[in-house]
Amino acid sequence: MAVSGIVVTLASDPGLAEQAMAALSADPRLTLGERFGLRLAAVAETDSPRADRDLWDQLHAIPGVVHVDVTFVALDQPAPELAREMENTDAHA
């Protein structure tokens, strides 16, 4: 499992920002926190480093999401399994 603390920067256009907020709040992998202006704190939980990477790609594709900063990552996998997962991820990047 991967748990990440993130900060999502929303578009300055209020309509796009609200559209992004709706998409983010509907994603079961995310727990939304405080919103400070255009920035929104959140926690992301995924099953693997690969699923974590897929989530980042999906977040960046949401209209109204300008940027995603990762502030913290915790991986709950044994080291050999994590190493294999990362090798597979790098090979597909």
# chains A, B, ... in the order shown; residues from 1 in each chain; ligands from 1

call {"tool": "residues_around", "arguments": {"residues": "A:Met21", "least_positions_apart": "3", "cutoff": "12 Å", "atoms": "only C-alpha atoms", "output": "list in words"}}
result
Val8, Thr9, Leu10, Ala11, Pro14, Gly15, Leu16, Ala17, Glu18, Leu24, Ser25, Ala26, Asp27, Leu30, Thr31, Leu32, Gly33, Glu34, Arg35, Leu38, Arg39, Leu40, Ala41, Ala42, Leu59, Ile62, Pro63, Gly64 and Val65 of chain A

call {"tool": "select_by_dssp", "arguments": {"residues": "stretch 10-55 of chain A", "states": "helix (DSSP H, G or I)", "output": "list in words"}}
result
Pro14, Gly15, Leu16, Ala17, Glu18, Gln19, Ala20, Met21, Ala22, Ala23, Leu24, Ser25, Ala26, Pro49, Arg50, Ala51, Asp52, Arg53, Asp54 and Leu55 of chain A

call {"tool": "select_by_dssp", "arguments": {"residues": "chain A", "states": "strand (DSSP E)", "output": "JSON, numbers by chain"}}
result
{"A": [2, 3, 4, 5, 6, 7, 8, 9, 10, 30, 31, 32, 33, 34, 35, 36, 39, 40, 41, 42, 43, 44, 45, 46, 65, 66, 67, 68, 69, 70, 71, 72, 73, 74, 75]}

call {"tool": "write_last_selection", "arguments": {"atoms": "N, CA and C atoms", "output": "mmCIF file, in the first residue's frame"}}
result
data_model
loop_
_atom_site.group_PDB
_atom_site.id
_atom_site.type_symbol
_atom_site.label_atom_id
_atom_site.label_comp_id
_atom_site.auth_asym_id
_atom_site.auth_seq_id
_atom_site.Cartn_x
_atom_site.Cartn_y
_atom_site.Cartn_z
ATOM 1 N N ALA A 2 0.440 2.252 -0.702
ATOM 2 C CA ALA A 2 1.126 3.546 -0.725
ATOM 3 C C ALA A 2 0.172 4.593 -0.175
ATOM 4 N N VAL A 3 0.658 5.376 0.784
ATOM 5 C CA VAL A 3 -0.105 6.492 1.337
ATOM 6 C C VAL A 3 0.709 7.737 1.081
ATOM 7 N N SER A 4 0.076 8.733 0.445
ATOM 8 C CA SER A 4 0.779 9.952 0.079
ATOM 9 C C SER A 4 0.018 11.177 0.540
ATOM 10 N N GLY A 5 0.747 12.137 1.056
ATOM 11 C CA GLY A 5 0.187 13.451 1.330
ATOM 12 C C GLY A 5 0.431 14.299 0.098
ATOM 13 N N ILE A 6 -0.601 14.959 -0.405
ATOM 14 C CA ILE A 6 -0.457 15.762 -1.614
ATOM 15 C C ILE A 6 -1.110 17.130 -1.421
ATOM 16 N N VAL A 7 -0.685 18.068 -2.253
ATOM 17 C CA VAL A 7 -1.325 19.376 -2.337
ATOM 18 C C VAL A 7 -1.671 19.587 -3.800
ATOM 19 N N VAL A 8 -2.956 19.756 -4.072
ATOM 20 C CA VAL A 8 -3.443 19.961 -5.431
ATOM 21 C C VAL A 8 -3.648 21.461 -5.637
ATOM 22 N N THR A 9 -3.047 21.998 -6.694
ATOM 23 C CA THR A 9 -3.286 23.388 -7.059
ATOM 24 C C THR A 9 -4.387 23.414 -8.107
ATOM 25 N N LEU A 10 -5.437 24.158 -7.798
ATOM 26 C CA LEU A 10 -6.597 24.255 -8.667
ATOM 27 C C LEU A 10 -6.481 25.452 -9.600
ATOM 28 N N LEU A 30 -8.933 9.120 -2.554
ATOM 29 C CA LEU A 30 -8.542 10.400 -1.976
ATOM 30 C C LEU A 30 -9.383 10.750 -0.758
ATOM 31 N N THR A 31 -8.731 11.320 0.235
ATOM 32 C CA THR A 31 -9.398 11.943 1.365
ATOM 33 C C THR A 31 -9.014 13.418 1.314
ATOM 34 N N LEU A 32 -9.992 14.270 1.102
ATOM 35 C CA LEU A 32 -9.705 15.691 0.947
ATOM 36 C C LEU A 32 -9.617 16.366 2.303
ATOM 37 N N GLY A 33 -8.693 17.328 2.374
ATOM 38 C CA GLY A 33 -8.500 18.100 3.590
ATOM 39 C C GLY A 33 -8.898 19.544 3.375
ATOM 40 N N GLU A 34 -8.162 20.433 4.002
ATOM 41 C CA GLU A 34 -8.434 21.864 3.943
ATOM 42 C C GLU A 34 -8.108 22.443 2.572
ATOM 43 N N ARG A 35 -8.895 23.430 2.184
ATOM 44 C CA ARG A 35 -8.615 24.196 0.966
ATOM 45 C C ARG A 35 -8.165 25.587 1.386
ATOM 46 N N PHE A 36 -7.034 26.019 0.832
ATOM 47 C CA PHE A 36 -6.477 27.333 1.103
ATOM 48 C C PHE A 36 -6.315 28.054 -0.224
ATOM 49 N N ARG A 39 -5.191 26.070 -3.346
ATOM 50 C CA ARG A 39 -4.534 24.823 -2.947
ATOM 51 C C ARG A 39 -5.452 23.976 -2.067
ATOM 52 N N LEU A 40 -5.390 22.674 -2.310
ATOM 53 C CA LEU A 40 -6.213 21.718 -1.584
ATOM 54 C C LEU A 40 -5.314 20.597 -1.060
ATOM 55 N N ALA A 41 -5.333 20.393 0.238
ATOM 56 C CA ALA A 41 -4.582 19.289 0.843
ATOM 57 C C ALA A 41 -5.401 18.010 0.716
ATOM 58 N N ALA A 42 -4.701 16.889 0.505
ATOM 59 C CA ALA A 42 -5.385 15.600 0.393
ATOM 60 C C ALA A 42 -4.441 14.466 0.762
ATOM 61 N N VAL A 43 -5.033 13.326 1.068
ATOM 62 C CA VAL A 43 -4.280 12.096 1.303
ATOM 63 C C VAL A 43 -4.733 11.097 0.247
ATOM 64 N N ALA A 44 -3.762 10.459 -0.390
ATOM 65 C CA ALA A 44 -4.047 9.450 -1.416
ATOM 66 C C ALA A 44 -3.619 8.081 -0.890
ATOM 67 N N GLU A 45 -4.479 7.091 -1.068
ATOM 68 C CA GLU A 45 -4.163 5.718 -0.676
ATOM 69 C C GLU A 45 -4.360 4.807 -1.876
ATOM 70 N N THR A 46 -3.293 4.089 -2.245
ATOM 71 C CA THR A 46 -3.349 3.158 -3.371
ATOM 72 C C THR A 46 -2.752 1.821 -2.942
ATOM 73 N N VAL A 65 -7.249 20.932 -12.537
ATOM 74 C CA VAL A 65 -6.072 20.621 -11.717
ATOM 75 C C VAL A 65 -4.861 21.162 -12.458
ATOM 76 N N VAL A 66 -4.199 22.127 -11.845
ATOM 77 C CA VAL A 66 -3.043 22.769 -12.467
ATOM 78 C C VAL A 66 -1.753 22.041 -12.123
ATOM 79 N N HIS A 67 -1.640 21.585 -10.871
ATOM 80 C CA HIS A 67 -0.400 20.952 -10.418
ATOM 81 C C HIS A 67 -0.699 20.088 -9.197
ATOM 82 N N VAL A 68 0.125 19.048 -9.006
ATOM 83 C CA VAL A 68 0.023 18.198 -7.822
ATOM 84 C C VAL A 68 1.409 18.094 -7.197
ATOM 85 N N ASP A 69 1.511 18.527 -5.943
ATOM 86 C CA ASP A 69 2.769 18.401 -5.193
ATOM 87 C C ASP A 69 2.639 17.233 -4.223
ATOM 88 N N VAL A 70 3.659 16.408 -4.176
ATOM 89 C CA VAL A 70 3.698 15.300 -3.221
ATOM 90 C C VAL A 70 4.498 15.781 -2.022
ATOM 91 N N THR A 71 3.891 15.720 -0.848
ATOM 92 C CA THR A 71 4.561 16.194 0.361
ATOM 93 C C THR A 71 5.054 15.064 1.252
ATOM 94 N N PHE A 72 4.500 13.856 1.062
ATOM 95 C CA PHE A 72 4.863 12.721 1.902
ATOM 96 C C PHE A 72 4.453 11.434 1.207
ATOM 97 N N VAL A 73 5.297 10.401 1.314
ATOM 98 C CA VAL A 73 4.956 9.082 0.775
ATOM 99 C C VAL A 73 5.396 8.020 1.775
ATOM 100 N N ALA A 74 4.507 7.089 2.047
ATOM 101 C CA ALA A 74 4.833 5.925 2.872
ATOM 102 C C ALA A 74 4.423 4.689 2.092
ATOM 103 N N LEU A 75 5.377 3.769 1.900
ATOM 104 C CA LEU A 75 5.111 2.525 1.187
ATOM 105 C C LEU A 75 5.126 1.383 2.172
#
